[in-house]
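Structure file coords01.pdb (PDB, C-alpha atoms) is printed below.
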ATOM      1  CA  MET A1268     -21.987  -8.992  12.716
ATOM      2  CA  THR A1269     -20.271  -6.985   9.967
ATOM      3  CA  ASP A1270     -18.427  -8.545   7.016
ATOM      4  CA  LEU A1271     -15.229  -7.371   8.621
ATOM      5  CA  ASP A1272     -15.997  -9.069  11.940
ATOM      6  CA  ARG A1273     -16.943 -12.253  10.114
ATOM      7  CA  GLU A1274     -13.730 -12.325   8.123
ATOM      8  CA  TYR A1275     -11.503 -11.620  11.095
ATOM      9  CA  GLY A1276     -13.271 -14.320  13.087
ATOM     10  CA  ALA A1277     -12.190 -16.783  10.397
ATOM     11  CA  VAL A1278      -8.665 -15.323  10.472
ATOM     12  CA  GLN A1279      -8.525 -16.117  14.167
ATOM     13  CA  ALA A1280      -9.234 -19.742  13.220
ATOM     14  CA  GLY A1281      -6.280 -19.713  10.823
ATOM     15  CA  ASN A1282      -8.123 -19.115   7.530
ATOM     16  CA  GLN A1283      -5.704 -17.490   5.056
ATOM     17  CA  GLU A1284      -8.368 -16.680   2.447
ATOM     18  CA  ALA A1285     -10.345 -14.828   5.093
ATOM     19  CA  PHE A1286      -7.208 -12.873   5.920
ATOM     20  CA  SER A1287      -6.877 -11.722   2.305
ATOM     21  CA  ALA A1288     -10.547 -10.708   2.330
ATOM     22  CA  TRP A1289     -10.000  -8.823   5.605
ATOM     23  CA  VAL A1290      -6.965  -7.009   4.185
ATOM     24  CA  ARG A1291      -8.995  -5.938   1.126
ATOM     25  CA  LEU A1292     -11.502  -4.300   3.462
ATOM     26  CA  VAL A1293      -9.079  -2.549   5.814
ATOM     27  CA  GLU A1294      -6.083  -1.550   3.694
ATOM     28  CA  LEU A1295      -7.273   1.831   2.402
ATOM     29  CA  PRO A1296      -8.692   3.205   5.685
ATOM     30  CA  LEU A1297      -5.607   2.030   7.592
ATOM     31  CA  ARG A1298      -3.219   3.521   5.032
ATOM     32  CA  ARG A1299      -5.144   6.786   5.063
ATOM     33  CA  SER A1300      -4.926   6.936   8.857
ATOM     34  CA  LEU A1301      -1.114   6.924   8.639
ATOM     35  CA  ARG A1302      -0.939  10.183   6.657
ATOM     36  CA  PRO A1303       0.311  12.204   9.691
ATOM     37  CA  PHE A1304       3.384   9.941   9.816
ATOM     38  CA  ALA A1305       4.281  10.067   6.114
ATOM     39  CA  ARG A1306       7.214  12.461   6.695
ATOM     40  CA  VAL A1307       8.876  10.181   9.254
ATOM     41  CA  ALA A1308       8.025   6.613   8.243
ATOM     42  CA  ASP A1309       7.806   4.555   5.056
ATOM     43  CA  VAL A1310       4.089   3.861   5.204
ATOM     44  CA  GLU A1311       4.308   0.951   2.741
ATOM     45  CA  SER A1312       6.705  -1.021   4.965
ATOM     46  CA  LEU A1313       4.613  -0.165   8.047
ATOM     47  CA  MET A1314       1.468  -1.418   6.338
ATOM     48  CA  GLN A1315       3.063  -4.725   5.337
ATOM     49  CA  GLU A1316       4.605  -5.269   8.765
ATOM     50  CA  GLY A1317       1.433  -4.252  10.599
ATOM     51  CA  LEU A1318      -0.874  -6.423   8.516
ATOM     52  CA  LEU A1319       1.393  -9.446   9.050
ATOM     53  CA  ARG A1320       1.309  -8.812  12.783
ATOM     54  CA  MET A1321      -2.498  -8.866  12.648
ATOM     55  CA  TRP A1322      -2.185 -12.407  11.207
ATOM     56  CA  VAL A1323       0.346 -13.542  13.798
ATOM     57  CA  LEU A1324      -1.577 -12.111  16.747
ATOM     58  CA  ALA A1325      -5.066 -13.106  15.595
ATOM     59  CA  PRO A1326      -5.614 -16.297  17.651
ATOM     60  CA  ARG A1327      -4.756 -14.470  20.877
ATOM     61  CA  LEU A1328      -6.781 -11.300  20.400
ATOM     62  CA  GLU A1329     -10.007 -10.847  22.330
ATOM     63  CA  LEU A1330     -11.879  -8.221  20.360
ATOM     64  CA  LYS A1331     -15.223  -6.696  21.246
ATOM     65  CA  GLY A1332     -17.487  -4.359  19.350
ATOM     66  CA  GLU A1333     -18.222  -3.664  15.738
ATOM     67  CA  ASN A1334     -15.180  -3.615  13.454
ATOM     68  CA  ALA A1335     -12.937  -4.117  16.479
ATOM     69  CA  SER A1336     -10.186  -5.694  14.358
ATOM     70  CA  LEU A1337      -9.950  -2.507  12.283
ATOM     71  CA  ARG A1338      -9.704  -0.333  15.404
ATOM     72  CA  TYR A1339      -7.072  -2.661  16.885
ATOM     73  CA  ALA A1340      -5.055  -2.629  13.648
ATOM     74  CA  HIS A1341      -5.280   1.180  13.610
ATOM     75  CA  ARG A1342      -3.808   1.403  17.140
ATOM     76  CA  LEU A1343      -1.131  -1.156  16.302
ATOM     77  CA  LEU A1344      -0.030   0.717  13.183
ATOM     78  CA  ARG A1345      -0.018   4.094  14.937
ATOM     79  CA  ASN A1346       2.183   2.686  17.706
ATOM     80  CA  MET A1347       4.539   1.200  15.126
ATOM     81  CA  ALA A1348       4.660   4.545  13.286
ATOM     82  CA  ILE A1349       5.440   6.399  16.541
ATOM     83  CA  SER A1350       8.262   3.927  17.311
ATOM     84  CA  GLU A1351       9.656   4.448  13.831
ATOM     85  CA  ALA A1352       9.386   8.217  14.236
ATOM     86  CA  ARG A1353      11.308   8.061  17.538
ATOM     87  CA  ARG A1354      14.241   6.536  15.697
ATOM     88  CA  LEU A1355      14.364   9.556  13.373
ATOM     89  CA  CYS A1356      12.964  12.616  15.139
ATOM     90  CA  ARG A1357      13.494  14.842  18.110
ATOM     91  CA  TYR A1358      11.232  14.026  21.062
ATOM     92  CA  GLU A1359       8.938  17.035  20.713
ATOM     93  CA  GLN A1360       8.277  16.208  17.068
ATOM     94  CA  VAL A1361       7.332  12.677  18.052
ATOM     95  CA  ALA A1362       4.956  14.000  20.730
ATOM     96  CA  ASP A1363       3.229  16.130  18.075
ATOM     97  CA  LEU A1364       2.948  13.124  15.776
ATOM     98  CA  ALA A1365       1.607  10.953  18.569
ATOM     99  CA  ARG A1366      -1.195  13.442  19.097
ATOM    100  CA  ALA A1367      -1.830  13.707  15.349
ATOM    101  CA  GLY A1368      -4.836  11.726  14.247
ATOM    102  CA  GLU A1369      -5.651  10.536  17.765
ATOM    103  CA  THR A1370      -9.151  11.841  17.538
ATOM    104  CA  ASP A1371      -9.510  11.373  13.777
ATOM    105  CA  MET A1372     -12.354   9.114  12.846
ATOM    106  CA  LEU A1373     -11.092   5.958  11.239
ATOM    107  CA  ALA A1374     -12.890   5.526   7.932
ATOM    108  CA  ASP A1375     -15.242   2.635   7.436
ATOM    109  CA  PRO A1376     -13.925  -0.520   5.801
ATOM    110  CA  ALA A1377     -13.676  -0.231   2.017
ATOM    111  CA  GLY A1378     -16.688  -1.309   0.017
ATOM    112  CA  ARG A1379     -16.600  -3.805  -2.830
ATOM    113  CA  PRO A1380     -14.705  -2.509  -5.882
ATOM    114  CA  ASP A1381     -17.026  -0.922  -8.440
ATOM    115  CA  ASP A1382     -17.277  -3.034 -11.632
ATOM    116  CA  ARG A1383     -18.060   0.021 -13.786
ATOM    117  CA  LEU A1384     -15.008   1.830 -12.461
ATOM    118  CA  ARG A1385     -12.875  -1.244 -13.022
ATOM    119  CA  ARG A1386     -13.983  -1.468 -16.665
ATOM    120  CA  ILE A1387     -13.117   2.190 -17.246
ATOM    121  CA  ILE A1388      -9.672   1.803 -15.660
ATOM    122  CA  LEU A1389      -8.859  -1.340 -17.646
ATOM    123  CA  ASP A1390      -9.964   0.381 -20.840
ATOM    124  CA  CYS A1391      -7.644   3.301 -20.058
ATOM    125  CA  VAL A1392      -4.763   0.898 -19.408
ATOM    126  CA  GLN A1393      -5.437  -0.967 -22.628
ATOM    127  CA  ARG A1394      -5.094   2.327 -24.552
ATOM    128  CA  LEU A1395      -1.609   3.001 -23.174
ATOM    129  CA  PRO A1396       1.404   2.918 -25.484
ATOM    130  CA  GLU A1397       3.038  -0.512 -25.433
ATOM    131  CA  ARG A1398       6.109   0.047 -23.262
ATOM    132  CA  PRO A1399       4.374   2.072 -20.497
ATOM    133  CA  ARG A1400       1.592  -0.538 -20.469
ATOM    134  CA  GLN A1401       4.101  -3.384 -20.128
ATOM    135  CA  ALA A1402       5.938  -1.616 -17.307
ATOM    136  CA  LEU A1403       2.724  -0.843 -15.414
ATOM    137  CA  TRP A1404       1.419  -4.420 -15.674
ATOM    138  CA  ALA A1405       4.787  -5.809 -14.601
ATOM    139  CA  ARG A1406       4.604  -3.710 -11.429
ATOM    140  CA  ILE A1407       1.006  -4.716 -10.774
ATOM    141  CA  GLU A1408       1.367  -8.424 -11.552
ATOM    142  CA  ARG A1409       4.810  -9.147 -10.099
ATOM    143  CA  GLY A1410       5.977  -6.031  -8.226
ATOM    144  CA  ASP A1411       4.970  -7.460  -4.855
ATOM    145  CA  LEU A1412       7.643 -10.192  -4.897
ATOM    146  CA  THR A1413      10.052  -8.977  -7.607
ATOM    147  CA  PRO A1414      12.377  -5.972  -7.243
ATOM    148  CA  ASP A1415      12.187  -3.323  -9.943
ATOM    149  CA  ARG A1416      15.665  -4.098 -11.288
ATOM    150  CA  ASP A1417      14.450  -7.601 -12.194
ATOM    151  CA  LEU A1418      11.151  -6.339 -13.610
ATOM    152  CA  ALA A1419      13.110  -3.906 -15.781
ATOM    153  CA  ALA A1420      15.547  -6.578 -16.930
ATOM    154  CA  GLY A1421      12.645  -8.844 -17.871
ATOM    155  CA  LEU A1422      11.345  -6.100 -20.159
ATOM    156  CA  ASP A1423      14.787  -5.330 -21.530
ATOM    157  CA  MET A1424      14.684  -1.861 -19.983
ATOM    158  CA  ARG A1425      17.180   0.035 -17.877
ATOM    159  CA  ARG A1426      15.859   0.681 -14.388
ATOM    160  CA  ASN A1427      15.375   4.433 -14.900
ATOM    161  CA  THR A1428      13.649   3.763 -18.221
ATOM    162  CA  PHE A1429      11.341   1.359 -16.375
ATOM    163  CA  PHE A1430      10.552   4.090 -13.816
ATOM    164  CA  GLN A1431       9.881   6.598 -16.597
ATOM    165  CA  ASN A1432       7.534   4.167 -18.315
ATOM    166  CA  VAL A1433       5.604   3.378 -15.115
ATOM    167  CA  ALA A1434       5.316   7.074 -14.277
ATOM    168  CA  ARG A1435       4.157   7.873 -17.799
ATOM    169  CA  ALA A1436       1.596   5.063 -17.639
ATOM    170  CA  ARG A1437       0.181   6.354 -14.364
ATOM    171  CA  ARG A1438       0.007   9.908 -15.700
ATOM    172  CA  LEU A1439      -1.782   8.815 -18.895
ATOM    173  CA  VAL A1440      -4.236   6.631 -16.960
ATOM    174  CA  ALA A1441      -5.049   9.566 -14.674
ATOM    175  CA  THR A1442      -5.711  11.803 -17.705
ATOM    176  CA  CYS A1443      -7.874   9.120 -19.308
ATOM    177  CA  LEU A1444      -9.879   8.677 -16.108
ATOM    178  CA  GLU A1445     -10.503  12.431 -15.901
ATOM    179  CA  ARG A1446     -11.752  12.417 -19.507
ATOM    180  CA  ASN A1447     -14.165   9.645 -18.473
ATOM    181  CA  GLY A1448     -15.430  11.700 -15.552
ATOM    182  CA  VAL A1449     -13.645   9.643 -12.882
ATOM    183  CA  SER A1450     -12.079  11.622 -10.058
ATOM    184  CA  VAL A1451      -9.229  10.554  -7.767
ATOM    185  CA  HIS A1452     -11.719  10.721  -4.892
ATOM    186  CA  GLU A1453     -13.806   8.037  -6.555
ATOM    187  CA  VAL A1454     -10.754   5.800  -7.022
ATOM    188  CA  LEU A1455      -9.704   6.216  -3.387
ATOM    189  CA  ARG A1456     -13.136   5.402  -1.959
TER     190      ARG A1456
ATOM    191  CA  MET B 504       9.169  15.984 -15.138
ATOM    192  CA  THR B 505      10.513  17.254 -18.480
ATOM    193  CA  GLY B 506       8.645  15.405 -21.206
ATOM    194  CA  ASP B 507       8.910  11.792 -20.100
ATOM    195  CA  ARG B 508      12.202  12.227 -18.242
ATOM    196  CA  LEU B 509      11.870  12.119 -14.473
ATOM    197  CA  ASP B 510      13.959  14.429 -12.329
ATOM    198  CA  PRO B 511      16.020  12.850  -9.488
ATOM    199  CA  THR B 512      13.242  13.326  -6.909
ATOM    200  CA  GLU B 513      10.653  11.792  -9.204
ATOM    201  CA  LEU B 514      12.951   8.804  -9.804
ATOM    202  CA  LEU B 515      13.271   8.274  -6.052
ATOM    203  CA  ILE B 516       9.513   8.546  -5.575
ATOM    204  CA  GLU B 517       8.881   6.102  -8.406
ATOM    205  CA  ALA B 518      11.385   3.659  -6.919
ATOM    206  CA  ALA B 519       9.790   3.863  -3.460
ATOM    207  CA  LEU B 520       6.354   3.374  -5.031
ATOM    208  CA  SER B 521       7.316  -0.237  -5.670
ATOM    209  CA  PRO B 522       5.509  -2.564  -3.253
ATOM    210  CA  PHE B 523       8.663  -4.691  -2.955
ATOM    211  CA  ARG B 524      10.377  -4.425   0.431
ATOM    212  CA  GLU B 525      13.404  -6.278   1.745
ATOM    213  CA  GLN B 526      13.409  -8.030   5.120
ATOM    214  CA  ASP B 527      16.175  -8.065   7.689
ATOM    215  CA  ALA B 528      17.516 -11.230   9.350
ATOM    216  CA  THR B 529      14.710 -11.165  11.932
ATOM    217  CA  GLY B 530      12.053 -10.933   9.209
ATOM    218  CA  ARG B 531      11.280  -7.285   9.898
ATOM    219  CA  ILE B 532      10.098  -5.506   6.753
ATOM    220  CA  LEU B 533      12.413  -2.625   5.927
ATOM    221  CA  PRO B 534      11.788   0.819   4.440
ATOM    222  CA  HIS B 535      12.687   1.171   0.765
ATOM    223  CA  PRO B 536      16.256   2.524   0.407
ATOM    224  CA  ALA B 537      14.995   5.366  -1.837
ATOM    225  CA  TRP B 538      12.731   6.569   0.994
ATOM    226  CA  PHE B 539      15.749   7.646   3.053
ATOM    227  CA  ASP B 540      16.919   9.975   0.254
ATOM    228  CA  LEU B 541      13.605  11.835   0.122
ATOM    229  CA  ALA B 542      13.072  15.080   2.013
ATOM    230  CA  PRO B 543      10.031  15.168   4.369
ATOM    231  CA  GLU B 544       7.809  17.065   1.933
ATOM    232  CA  GLN B 545       8.810  14.630  -0.850
ATOM    233  CA  ARG B 546       7.803  11.742   1.417
ATOM    234  CA  GLU B 547       4.348  13.285   1.619
ATOM    235  CA  ARG B 548       4.182  13.268  -2.195
ATOM    236  CA  LEU B 549       5.207   9.614  -2.074
ATOM    237  CA  PHE B 550       2.423   8.887   0.415
ATOM    238  CA  GLU B 551      -0.235  10.400  -1.888
ATOM    239  CA  ALA B 552       1.159   8.480  -4.861
ATOM    240  CA  GLN B 553       1.144   5.240  -2.824
ATOM    241  CA  MET B 554      -2.506   5.815  -1.876
ATOM    242  CA  GLU B 555      -3.495   6.288  -5.518
ATOM    243  CA  SER B 556      -1.361   3.408  -6.822
ATOM    244  CA  ARG B 557      -2.659   0.869  -4.321
ATOM    245  CA  ALA B 558      -6.244   1.991  -4.920
ATOM    246  CA  LEU B 559      -5.792   1.637  -8.694
ATOM    247  CA  GLU B 560      -4.159  -1.795  -8.334
ATOM    248  CA  ARG B 561      -7.085  -2.938  -6.229
ATOM    249  CA  LEU B 562      -9.498  -1.852  -8.941
ATOM    250  CA  MET B 563      -7.481  -3.274 -11.835
ATOM    251  CA  ARG B 564      -7.207  -6.802 -10.493
ATOM    252  CA  GLU B 565     -10.134  -9.190 -10.632
ATOM    253  CA  ASP B 566      -9.333 -10.430  -7.140
ATOM    254  CA  GLY B 567      -9.428  -6.839  -5.809
ATOM    255  CA  MET B 568      -5.990  -7.249  -4.231
ATOM    256  CA  SER B 569      -3.529  -4.364  -4.211
ATOM    257  CA  ALA B 570       0.168  -5.162  -4.447
ATOM    258  CA  THR B 571       0.446  -4.673  -0.669
ATOM    259  CA  ALA B 572      -2.336  -7.184  -0.051
ATOM    260  CA  ARG B 573      -0.682  -9.703  -2.383
ATOM    261  CA  MET B 574       2.702  -9.194  -0.769
ATOM    262  CA  VAL B 575       1.242  -9.851   2.671
ATOM    263  CA  ALA B 576      -0.715 -12.902   1.452
ATOM    264  CA  ALA B 577       2.442 -14.343  -0.102
ATOM    265  CA  ARG B 578       4.361 -13.929   3.144
ATOM    266  CA  LEU B 579       1.747 -15.783   5.226
ATOM    267  CA  ALA B 580       3.241 -19.093   4.206
ATOM    268  CA  GLY B 581       6.408 -18.321   6.148
ATOM    269  CA  VAL B 582       4.734 -16.668   9.134
ATOM    270  CA  ALA B 583       3.133 -18.790  11.875
ATOM    271  CA  GLN B 584       0.253 -17.598  14.026
ATOM    272  CA  LEU B 585       0.715 -17.434  17.774
ATOM    273  CA  GLY B 586      -1.161 -20.318  19.373
ATOM    274  CA  GLY B 587      -3.688 -19.748  22.115
TER     275      GLY B 587
END
Using the file provided, produce a representation of the structure as C-alpha coordinates.
Amino acid sequence: MTDLDREYGAVQAGNQEAFSAWVRLVELPLRRSLRPFARVADVESLMQEGLLRMWVLAPRLELKGENASLRYAHRLLRNMAISEARRLCRYEQVADLARAGETDMLADPAGRPDDRLRRIILDCVQRLPERPRQALWARIERGDLTPDRDLAAGLDMRRNTFFQNVARARRLVATCLERNGVSVHEVLR
Amino acid sequence: MTGDRLDPTELLIEAALSPFREQDATGRILPHPAWFDLAPEQRERLFEAQMESRALERLMREDGMSATARMVAARLAGVAQLGG
(Lines of atoms letter the chains of each structure in order from A and count residues from 1; the text may use other names and numbers.)
(Lines give C-alpha, C1' and ligand atoms only; values in the text may rest on other atoms or scores of the structure.)
Protein backbone atom coordinates (compact mmCIF):
# COMPACT_ATOMS: atom_id res chain seq x y z
CA MET A 1 0.00 0.00 0.00
CA THR A 2 1.47 3.39 -0.94
CA ASP A 3 1.64 6.38 1.42
CA LEU A 4 -1.04 7.97 -0.70
CA ASP A 5 -3.39 4.99 -0.38
CA ARG A 6 -2.78 4.88 3.36
CA GLU A 7 -3.57 8.55 3.81
CA TYR A 8 -6.70 8.46 1.70
CA GLY A 9 -7.91 5.40 3.58
CA ALA A 10 -7.77 7.49 6.75
CA VAL A 11 -9.54 10.35 4.95
CA GLN A 12 -12.37 7.97 4.18
CA ALA A 13 -12.67 7.41 7.94
CA GLY A 14 -12.98 11.16 8.49
CA ASN A 15 -9.39 11.97 9.50
CA GLN A 16 -8.69 15.64 8.70
CA GLU A 17 -4.94 15.44 9.35
CA ALA A 18 -4.71 12.59 6.86
CA PHE A 19 -6.53 14.76 4.36
CA SER A 20 -3.92 17.51 4.71
CA ALA A 21 -1.18 14.91 4.25
CA TRP A 22 -2.98 13.57 1.16
CA VAL A 23 -3.31 17.07 -0.31
CA ARG A 24 0.43 17.67 0.20
CA LEU A 25 1.13 14.58 -1.90
CA VAL A 26 -1.32 15.22 -4.74
CA GLU A 27 -1.48 18.99 -5.18
CA LEU A 28 1.44 19.50 -7.58
CA PRO A 29 0.71 16.59 -9.96
CA LEU A 30 -3.00 17.50 -10.05
CA ARG A 31 -2.28 21.18 -10.68
CA ARG A 32 0.19 20.28 -13.42
CA SER A 33 -2.40 18.06 -15.09
CA LEU A 34 -4.73 21.06 -15.48
CA ARG A 35 -2.29 23.02 -17.67
CA PRO A 36 -4.33 22.38 -20.88
CA PHE A 37 -7.26 24.22 -19.26
CA ALA A 38 -5.35 27.27 -18.01
CA ARG A 39 -6.72 29.52 -20.79
CA VAL A 40 -10.35 28.75 -19.95
CA ALA A 41 -10.49 28.14 -16.20
CA ASP A 42 -9.03 29.64 -13.03
CA VAL A 43 -6.99 26.63 -11.99
CA GLU A 44 -6.61 27.85 -8.39
CA SER A 45 -10.38 27.90 -7.79
CA LEU A 46 -10.74 24.52 -9.54
CA MET A 47 -8.05 23.02 -7.32
CA GLN A 48 -9.68 24.28 -4.12
CA GLU A 49 -13.15 23.17 -5.19
CA GLY A 50 -11.93 19.79 -6.44
CA LEU A 51 -9.89 19.00 -3.34
CA LEU A 52 -12.86 19.84 -1.10
CA ARG A 53 -15.03 17.52 -3.15
CA MET A 54 -12.50 14.73 -2.57
CA TRP A 55 -13.10 15.27 1.18
CA VAL A 56 -16.88 15.33 0.86
CA LEU A 57 -17.04 12.26 -1.37
CA ALA A 58 -14.41 10.19 0.44
CA PRO A 59 -16.63 7.92 2.58
CA ARG A 60 -18.62 6.83 -0.47
CA LEU A 61 -15.79 6.16 -2.90
CA GLU A 62 -14.81 2.58 -3.67
CA LEU A 63 -11.29 2.88 -5.04
CA LYS A 64 -9.14 0.07 -6.35
CA GLY A 65 -5.53 -0.02 -7.43
CA GLU A 66 -2.40 1.84 -6.52
CA ASN A 67 -2.84 5.59 -6.04
CA ALA A 68 -6.48 5.27 -7.08
CA SER A 69 -7.46 8.41 -5.15
CA LEU A 70 -5.02 10.46 -7.25
CA ARG A 71 -6.42 9.04 -10.50
CA TYR A 72 -9.98 9.67 -9.31
CA ALA A 73 -9.13 13.25 -8.30
CA HIS A 74 -7.51 13.77 -11.72
CA ARG A 75 -10.71 12.67 -13.52
CA LEU A 76 -12.86 14.78 -11.20
CA LEU A 77 -10.80 17.91 -11.80
CA ARG A 78 -10.68 17.39 -15.56
CA ASN A 79 -14.47 17.05 -15.67
CA MET A 80 -14.85 20.20 -13.59
CA ALA A 81 -12.44 22.04 -15.91
CA ILE A 82 -14.39 20.88 -18.99
CA SER A 83 -17.66 22.09 -17.41
CA GLU A 84 -16.06 25.44 -16.67
CA ALA A 85 -14.72 25.63 -20.22
CA ARG A 86 -18.21 24.95 -21.64
CA ARG A 87 -19.47 28.06 -19.90
CA LEU A 88 -16.86 30.16 -21.73
CA CYS A 89 -15.96 28.51 -25.03
CA ARG A 90 -17.41 27.41 -28.31
CA TYR A 91 -18.22 23.69 -28.46
CA GLU A 92 -15.36 22.71 -30.76
CA GLN A 93 -12.83 24.39 -28.47
CA VAL A 94 -14.22 22.44 -25.53
CA ALA A 95 -13.95 19.18 -27.50
CA ASP A 96 -10.27 19.93 -28.16
CA LEU A 97 -9.71 20.66 -24.47
CA ALA A 98 -11.52 17.50 -23.45
CA ARG A 99 -9.11 15.49 -25.56
CA ALA A 100 -6.12 17.44 -24.23
CA GLY A 101 -4.20 15.53 -21.61
CA GLU A 102 -6.45 12.48 -21.83
CA THR A 103 -3.55 10.21 -22.47
CA ASP A 104 -1.00 12.25 -20.50
CA MET A 105 0.59 10.31 -17.72
CA LEU A 106 -0.37 11.73 -14.37
CA ALA A 107 2.82 12.41 -12.43
CA ASP A 108 3.56 10.45 -9.31
CA PRO A 109 2.59 11.93 -5.96
CA ALA A 110 5.04 14.57 -4.74
CA GLY A 111 7.90 13.39 -2.58
CA ARG A 112 8.78 14.83 0.81
CA PRO A 113 10.06 18.42 0.61
CA ASP A 114 13.86 18.57 0.48
CA ASP A 115 15.33 20.05 3.71
CA ARG A 116 18.42 21.36 1.89
CA LEU A 117 16.26 23.13 -0.67
CA ARG A 118 14.08 24.55 2.07
CA ARG A 119 17.12 25.99 3.87
CA ILE A 120 18.34 27.65 0.67
CA ILE A 121 14.92 29.17 -0.05
CA LEU A 122 14.51 30.50 3.49
CA ASP A 123 17.99 31.99 3.35
CA CYS A 124 17.09 33.75 0.09
CA VAL A 125 13.88 35.09 1.64
CA GLN A 126 15.73 36.30 4.71
CA ARG A 127 18.04 38.35 2.44
CA LEU A 128 15.13 40.22 0.84
CA PRO A 129 14.68 43.94 1.45
CA GLU A 130 12.29 44.54 4.34
CA ARG A 131 9.08 45.57 2.57
CA PRO A 132 9.14 42.86 -0.15
CA ARG A 133 9.93 40.29 2.56
CA GLN A 134 7.00 41.47 4.69
CA ALA A 135 4.62 41.37 1.73
CA LEU A 136 5.74 37.88 0.68
CA TRP A 137 5.39 36.44 4.20
CA ALA A 138 1.97 38.05 4.60
CA ARG A 139 0.79 36.27 1.46
CA ILE A 140 2.30 32.97 2.56
CA GLU A 141 1.17 33.09 6.20
CA ARG A 142 -2.29 34.63 5.84
CA GLY A 143 -3.09 34.86 2.11
CA ASP A 144 -5.22 31.71 2.19
CA LEU A 145 -7.96 33.28 4.35
CA THR A 146 -7.26 37.02 4.02
CA PRO A 147 -7.86 39.06 0.85
CA ASP A 148 -4.94 41.09 -0.45
CA ARG A 149 -6.59 44.43 0.34
CA ASP A 150 -6.54 43.48 4.04
CA LEU A 151 -3.00 42.12 3.88
CA ALA A 152 -1.90 45.40 2.29
CA ALA A 153 -3.73 47.50 4.86
CA GLY A 154 -2.10 45.52 7.66
CA LEU A 155 1.30 46.47 6.25
CA ASP A 156 0.28 50.06 5.66
CA MET A 157 0.64 49.61 1.91
CA ARG A 158 -1.64 50.48 -0.97
CA ARG A 159 -2.85 47.38 -2.78
CA ASN A 160 -0.77 47.99 -5.92
CA THR A 161 2.29 48.68 -3.77
CA PHE A 162 1.64 45.36 -2.03
CA PHE A 163 1.50 43.61 -5.43
CA GLN A 164 4.73 45.31 -6.51
CA ASN A 165 6.46 44.21 -3.32
CA VAL A 166 5.29 40.59 -3.64
CA ALA A 167 6.33 40.48 -7.29
CA ARG A 168 9.71 41.99 -6.47
CA ALA A 169 10.19 39.47 -3.65
CA ARG A 170 9.43 36.55 -5.95
CA ARG A 171 11.78 37.88 -8.62
CA LEU A 172 14.63 38.38 -6.13
CA VAL A 173 14.11 34.92 -4.61
CA ALA A 174 14.24 33.37 -8.08
CA THR A 175 17.52 35.19 -8.82
CA CYS A 176 18.96 34.11 -5.47
CA LEU A 177 17.97 30.49 -6.08
CA GLU A 178 19.66 30.54 -9.50
CA ARG A 179 22.85 31.89 -7.89
CA ASN A 180 22.67 28.94 -5.48
CA GLY A 181 22.34 26.49 -8.35
CA VAL A 182 18.64 25.78 -7.77
CA SER A 183 16.51 25.50 -10.89
CA VAL A 184 12.75 26.01 -11.20
CA HIS A 185 12.52 22.34 -12.18
CA GLU A 186 13.94 21.36 -8.82
CA VAL A 187 11.43 23.56 -6.99
CA LEU A 188 8.51 22.11 -8.95
CA ARG A 189 9.47 18.48 -8.34
CA MET B 1 7.80 45.48 -15.53
CA THR B 2 9.63 48.83 -15.52
CA GLY B 3 11.93 48.84 -12.52
CA ASP B 4 9.65 47.71 -9.71
CA ARG B 5 6.46 49.08 -11.27
CA LEU B 6 4.14 46.42 -12.63
CA ASP B 7 2.26 47.03 -15.85
CA PRO B 8 -1.56 46.50 -15.81
CA THR B 9 -1.28 42.85 -16.92
CA GLU B 10 1.32 42.10 -14.28
CA LEU B 11 -0.91 43.69 -11.62
CA LEU B 12 -3.80 41.45 -12.68
CA ILE B 13 -1.58 38.37 -12.63
CA GLU B 14 -0.23 39.27 -9.20
CA ALA B 15 -3.76 39.78 -7.90
CA ALA B 16 -4.94 36.42 -9.26
CA LEU B 17 -1.87 34.75 -7.75
CA SER B 18 -3.44 35.25 -4.34
CA PRO B 19 -4.76 31.95 -2.96
CA PHE B 20 -7.80 33.77 -1.55
CA ARG B 21 -11.05 32.95 -3.36
CA GLU B 22 -14.58 34.07 -2.59
CA GLN B 23 -17.48 31.63 -2.34
CA ASP B 24 -20.98 32.07 -3.69
CA ALA B 25 -24.15 31.48 -1.65
CA THR B 26 -24.02 27.73 -2.38
CA GLY B 27 -20.42 27.50 -1.17
CA ARG B 28 -18.98 27.12 -4.66
CA ILE B 29 -15.46 28.54 -4.87
CA LEU B 30 -15.31 31.30 -7.45
CA PRO B 31 -12.62 32.38 -9.90
CA HIS B 32 -10.63 35.45 -8.87
CA PRO B 33 -12.19 38.60 -10.41
CA ALA B 34 -8.80 39.57 -11.94
CA TRP B 35 -8.75 36.27 -13.87
CA PHE B 36 -11.66 37.42 -16.05
CA ASP B 37 -9.67 40.49 -17.20
CA LEU B 38 -6.74 38.40 -18.41
CA ALA B 39 -6.41 37.36 -22.05
CA PRO B 40 -5.97 33.59 -22.68
CA GLU B 41 -2.20 33.80 -23.15
CA GLN B 42 -1.93 35.90 -19.96
CA ARG B 43 -3.88 33.20 -18.11
CA GLU B 44 -1.19 30.74 -19.15
CA ARG B 45 1.43 33.03 -17.59
CA LEU B 46 -0.70 33.09 -14.45
CA PHE B 47 -0.83 29.29 -14.43
CA GLU B 48 2.99 29.01 -14.55
CA ALA B 49 3.32 31.62 -11.80
CA GLN B 50 0.75 29.75 -9.67
CA MET B 51 2.70 26.50 -10.10
CA GLU B 52 5.93 28.15 -8.95
CA SER B 53 4.32 30.09 -6.09
CA ARG B 54 2.53 27.08 -4.62
CA ALA B 55 5.67 24.96 -4.94
CA LEU B 56 7.74 27.63 -3.17
CA GLU B 57 5.14 28.04 -0.40
CA ARG B 58 5.20 24.30 0.17
CA LEU B 59 8.97 24.40 0.57
CA MET B 60 9.04 27.51 2.76
CA ARG B 61 6.63 26.25 5.39
CA GLU B 62 7.70 23.72 7.99
CA ASP B 63 4.40 21.89 7.62
CA GLY B 64 4.95 21.59 3.84
CA MET B 65 1.53 23.11 3.14
CA SER B 66 1.03 25.45 0.20
CA ALA B 67 -1.51 28.24 0.55
CA THR B 68 -4.00 26.13 -1.43
CA ALA B 69 -3.57 23.21 0.95
CA ARG B 70 -4.05 25.50 3.96
CA MET B 71 -7.11 27.11 2.42
CA VAL B 72 -8.70 23.71 1.83
CA ALA B 73 -7.79 22.48 5.34
CA ALA B 74 -9.35 25.60 6.87
CA ARG B 75 -12.58 25.05 4.95
CA LEU B 76 -12.97 21.44 6.14
CA ALA B 77 -14.52 22.64 9.36
CA GLY B 78 -17.56 23.92 7.48
CA VAL B 79 -17.82 21.05 5.00
CA ALA B 80 -19.41 17.73 6.04
CA GLN B 81 -18.52 14.41 4.46
CA LEU B 82 -21.23 12.40 2.76
CA GLY B 83 -22.18 9.47 4.98
CA GLY B 84 -22.14 5.93 3.69
For this file, the ChimeraX specification (/A :<7) & /B selects which residues, as a PyMOL selection string?
chain B and resi 507-509+514+517-518+521-524+532-534+538+543-544+546-547+550+555+558-560+562-563+567-568+570-576+583-587
Separation of CA of Pro1399 (chain A) from CA of Ala1436 (chain A) in Å:
5.0 Å
To one decimal place in Å, what is the distance between CA of Leu541 (chain B) and CA of His1341 (chain A)?
25.5 Å
Explicit residues for the PyMOL selection byres ((chain A and resi 1271) around 9) (as a list of chain:residue names):
A:Met1268, A:Thr1269, A:Asp1270, A:Asp1272, A:Arg1273, A:Glu1274, A:Tyr1275, A:Gly1276, A:Ala1288, A:Trp1289, A:Leu1292, A:Val1293, A:Glu1333, A:Asn1334, A:Ala1335, A:Ser1336, A:Leu1337, A:Pro1376
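In this model, the gap between CA of Asp566 (chain B) and CA of Asn1282 (chain A) comes to 17.1 Å.
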